[in-house]
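Participant: Sharing a structure with you now.
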Amino acid sequence: MPYRAWFQCLHCDDERYPLNEIIYECRRCGGLLEVRHDMEALGRKPAYEWMKLFDQRYMRTDFPFGSSVWGKKEMVCPEVDNENVVSMYEGGSNLFWAERLGREVGINDLWIKQCGNSHTGSFKDLGMTVLVSMVKQMIADGKEIPAVACASTGDTSAALAAYCAAAGIPAIVFLPKDKVSTSQLIQPIANGALTLTLPTDFDGCMKVAIELSRRENIYLANSRNSLRIEGQKTVAIELVQQDDWAVPDWVIIPGGNLGNVSALGKGFLEMKAMGLIDRLPRLAVAQAANANPLYQSYLTGFSEFEAQKAQTTLASAIQIGNPVSWERAVRTLRRFDGVVEQASEDELANASARADRTGLFTCPHTGVALAALFKLVGRRVIAPDSKVLVISTAHGLKFPDFKIRYHEHRLQEFGVEPHHRNRFIDVDADYEAVRGAVLRALDARRAARTAGFAT
Ligand SMILES: *Cc1c(COP(=O)(O)O)cnc(C)c1O
Ligand SMILES: [Zn+2]
């Protein structure tokens with residue numbers, strides 16, 4: 001095995017553990033662990049050979065390398081045997097030029113990375129395939145793991161449930177009661193996970209999951225678990241791979257627990273160390289104003305960081321006041337000359353609907369990222385000639401309620417005034433009635449366009 005990786009404490013240089021050990025934090029200082037790779041071994045192969053190898057494997061059928069996560073196995077998780085990989089062909093999500101939306105907001109080179117077009121409908125699949133594969137490896141190595149558990153705002157639990165079901169490993173998920181969408185709730189149910197809903201928020205669910213894992217030897221799949229970061233970092237590799245290994249000027253990503261922005265940064269840094277890229281993009285993290293501890297910290301120049309009690313937000317997957325990975329995220333943003341922007345409920349809902357009018361179907365978290373984009377362009381932090389890439393984190397179809405309520409003007413409690421409403425037309429099944437309704441509606445749209453309103 002020429003490639004090696006291990007857990008290493010973020011603070012203690014000589015605190016290392018093997019990847020197949022059940023450990024989530026440093027035994028000496030309690031700090032977060034990260035996966036480190038033998039970069040010297042990875043650096044021995046010239047960059048162009050890595051590119052050729054990754055391109056050869058990309059979206060082909062040679063198991064497990066057709067998965068865009070496992071296609072980069074040497075730099076993701078070389079410690080799992082191929083026969084223990086639990087993969088459902090993750091990654092390879094479309095990256096497209098959002099020409100019309102970009103033109104509307106004054107960015108010619110706007111790209112959207114559709115990470116929600118994936119097995120369970122969010123980017124969480126990228127990390128979960130690595131974590132569950134490692135669990136399968138540990139079980140194969142004789143470790144006693146009765147189940148894998150997670151606390152979730154909806155998407156992690158869907159991914160955990162699916163990958164555990166594929167592997168035949170019991171899954172336990174904790175969800176905040178009435179705070180996840182119906183689609184998100186039904187996914188772990190359908191995949192046979194033990195699904196517990198608790199009358200608390202995500203942070204409350206997390207506490208219980210940690211305690212259960214400590215006392216009952218149940219493996220914890222939360223983002224404290226840095227194996228997931230290794231899978232999620234492949235989004236950085238994939239998005240440059242999809243553009244012939246060119247690096248965008250900006251990447252905008254919504255952040256809650258802040259694992260994903262850390263993963264994105266790690267992917268870029270390791271590619272740079274291996275010579276796959278020669279520069280870094282700038283990063284922007286977008287937070288809901290109702291759950292914005294990183295934004296608050298950014299305002300202090302990251303000199304302070306305070307956990308908060310998150311307020312309710314339509315962007316439910318990032319309703320997190322005490323993000324596990326804040327320290328990783330701050331490091332990442334410092335390294336990438338990063339910025340943090342926030343979006344109110346009104347801004348995120350209208351940004352999402354505005355993007356939908358140009359052919360997208362965005363989740364509320366992607367709405368947060370887009371609202372941040374609009375604001376950063378408006379303030380000229382992002383220059384109009386920049387190449388900008390927005391990470392869309394989940395599929396809009398997971399959040400039908402959010403969409404319906406927007407178009408029915410039923411988000412007043414969130415302070416949302418919909419500027420891009422579209423209502424269905426209820427009409428008799430009679431030609432004249434239909435004709436009248438169609439012509440009136442087309443007229444109204446033409447008038448609105450002439451008056452300068454988006455239609
Ligand atoms: C998990 C999630 C996020 C936030 O990612 P973090 O790593 O927690 O910052 C954003 N959007 C969606 C749809 C998610 O599921
Ligand atoms: Zn330590």
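In the structure tokens, chains take the letters A, B, ... in the order shown, each chain's residues start at 1, and ligands count up from 1 in the order shown.
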What's the 10 Å shell around region 57-68 of chain A, counting only C-alpha atoms, without same-chain residues fewer than 4 positions away, as a list in words?

Facilitator: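 Close residues of region 57-68 of chain A: Lys52, Leu53, Lys72, Lys73, Asn82, Glu83, Asn84, Val85, Val86, Ser87, Met88, Tyr89, Glu90, Gly91, Gly92, Ser93, Leu126, Thr129, Gly231, Thr234, Val235, Ile237, Glu238, Gln241 and Gln242 of chain A.
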
Participant: Around ligand 2, which protein and nucleic acid residues have at least one atom no more than 9 Å from it, if we count only C-alpha atoms and all ligand atoms? List them as an MDAnalysis selection string.

Facilitator: chainID A and resid 8:15 25:33

Participant: Deliver the residues from the most recent selection as a file, using N, CA and C atoms, as a short mmCIF file (atom, residue, chain, number, x, y, z; two decimals), in the first residue's frame.

Facilitator:
data_model
loop_
_atom_site.label_atom_id
_atom_site.label_comp_id
_atom_site.auth_asym_id
_atom_site.auth_seq_id
_atom_site.Cartn_x
_atom_site.Cartn_y
_atom_site.Cartn_z
N GLN A 8 -5.12 13.04 12.70
CA GLN A 8 -4.15 13.85 13.43
C GLN A 8 -4.86 15.00 14.11
N CYS A 9 -4.43 15.31 15.35
CA CYS A 9 -5.05 16.42 16.10
C CYS A 9 -4.71 17.74 15.41
N LEU A 10 -5.70 18.65 15.41
CA LEU A 10 -5.46 19.98 14.82
C LEU A 10 -4.42 20.76 15.62
N HIS A 11 -4.25 20.40 16.92
CA HIS A 11 -3.37 21.18 17.79
C HIS A 11 -2.08 20.47 18.17
N CYS A 12 -2.19 19.17 18.48
CA CYS A 12 -0.99 18.44 18.94
C CYS A 12 -0.34 17.76 17.75
N ASP A 13 0.86 18.19 17.43
CA ASP A 13 1.53 17.72 16.23
C ASP A 13 1.79 16.22 16.20
N ASP A 14 2.05 15.64 17.40
CA ASP A 14 2.45 14.24 17.38
C ASP A 14 1.32 13.30 17.83
N GLU A 15 0.09 13.79 17.86
CA GLU A 15 -1.03 12.95 18.26
C GLU A 15 -1.69 12.39 17.00
N GLU A 25 -12.04 12.60 18.72
CA GLU A 25 -11.30 13.77 19.15
C GLU A 25 -9.97 13.36 19.78
N CYS A 26 -9.09 14.34 19.89
CA CYS A 26 -7.75 14.07 20.41
C CYS A 26 -7.81 13.58 21.85
N ARG A 27 -7.09 12.49 22.15
CA ARG A 27 -7.08 11.95 23.53
C ARG A 27 -6.33 12.89 24.46
N ARG A 28 -5.44 13.67 23.95
CA ARG A 28 -4.66 14.53 24.83
C ARG A 28 -5.39 15.85 25.12
N CYS A 29 -5.90 16.52 24.08
CA CYS A 29 -6.45 17.86 24.31
C CYS A 29 -7.94 17.97 24.00
N GLY A 30 -8.55 16.89 23.49
CA GLY A 30 -9.98 16.94 23.19
C GLY A 30 -10.31 17.68 21.91
N GLY A 31 -9.29 18.14 21.20
CA GLY A 31 -9.51 18.91 19.97
C GLY A 31 -9.98 18.06 18.81
N LEU A 32 -10.38 18.75 17.75
CA LEU A 32 -10.83 18.06 16.54
C LEU A 32 -9.66 17.34 15.87
N LEU A 33 -10.01 16.24 15.21
CA LEU A 33 -9.01 15.52 14.43
C LEU A 33 -9.22 15.84 12.97
#

Participant: Hey, what does DSSP flag as helix (DSSP H, G or I) within region 237-399 of chain A? Can you give it to me as a ChimeraX atom specification?

Facilitator: /A:237-241,259-273,293-299,316-318,326-335,345-356,364-378,396-398

Participant: Give me, as JSON, numbers by chain, the residues of region 167-299 of chain A that a backbone DSSP run labels strand (DSSP E).

Facilitator: {"A": [171, 172, 173, 174, 175, 176, 194, 195, 196, 197, 198, 219, 220, 250, 251, 252, 253, 254, 282, 283, 284, 285, 286, 287, 288]}

Participant: How would you write, as a list in words, the set of residues no farther than 6 Å from ligand 1 when counting only C-alpha atoms and all ligand atoms?

Facilitator: Ser122, Asp155, Pro254, Gly255, Gly256, Asn257, Leu258, Gly259, Asn260, Ala317, Ile318, His365, Thr393 and Ala394 of chain A

Participant: Of the residues A:Ala190, A:Val324, A:Ile253, A:Leu280, which is the one nearest to Asn222 (chain A), using only C-alpha atoms?

Facilitator: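 Closest to Asn222 (chain A), using only C-alpha atoms: A:Val324.
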
Participant: Within 12 Å of region 378-383 of chain A, which residues of region 262-306 of chain A come that close, and what is the closest atom pair and distance in Å for each? Count only C-alpha atoms and give it as a tab-separated table.

Facilitator:
residue	atom	partner	partner_atom	distance
A:Pro281	CA	A:Ile382	CA	11.9
A:Arg282	CA	A:Ile382	CA	9.7
A:Leu283	CA	A:Ile382	CA	10.7
A:Ala284	CA	A:Ile382	CA	9.9

Participant: Identify which of the residues A:Gly121, A:Pro176, A:Pro293, A:Pro78 lies closest to Gly204 (chain A), counting only C-alpha atoms when measuring atom-to-atom distances.

Facilitator: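 Between A:Gly121, A:Pro176, A:Pro293, A:Pro78, the residue approaching Gly204 (chain A) most closely is A:Pro176.
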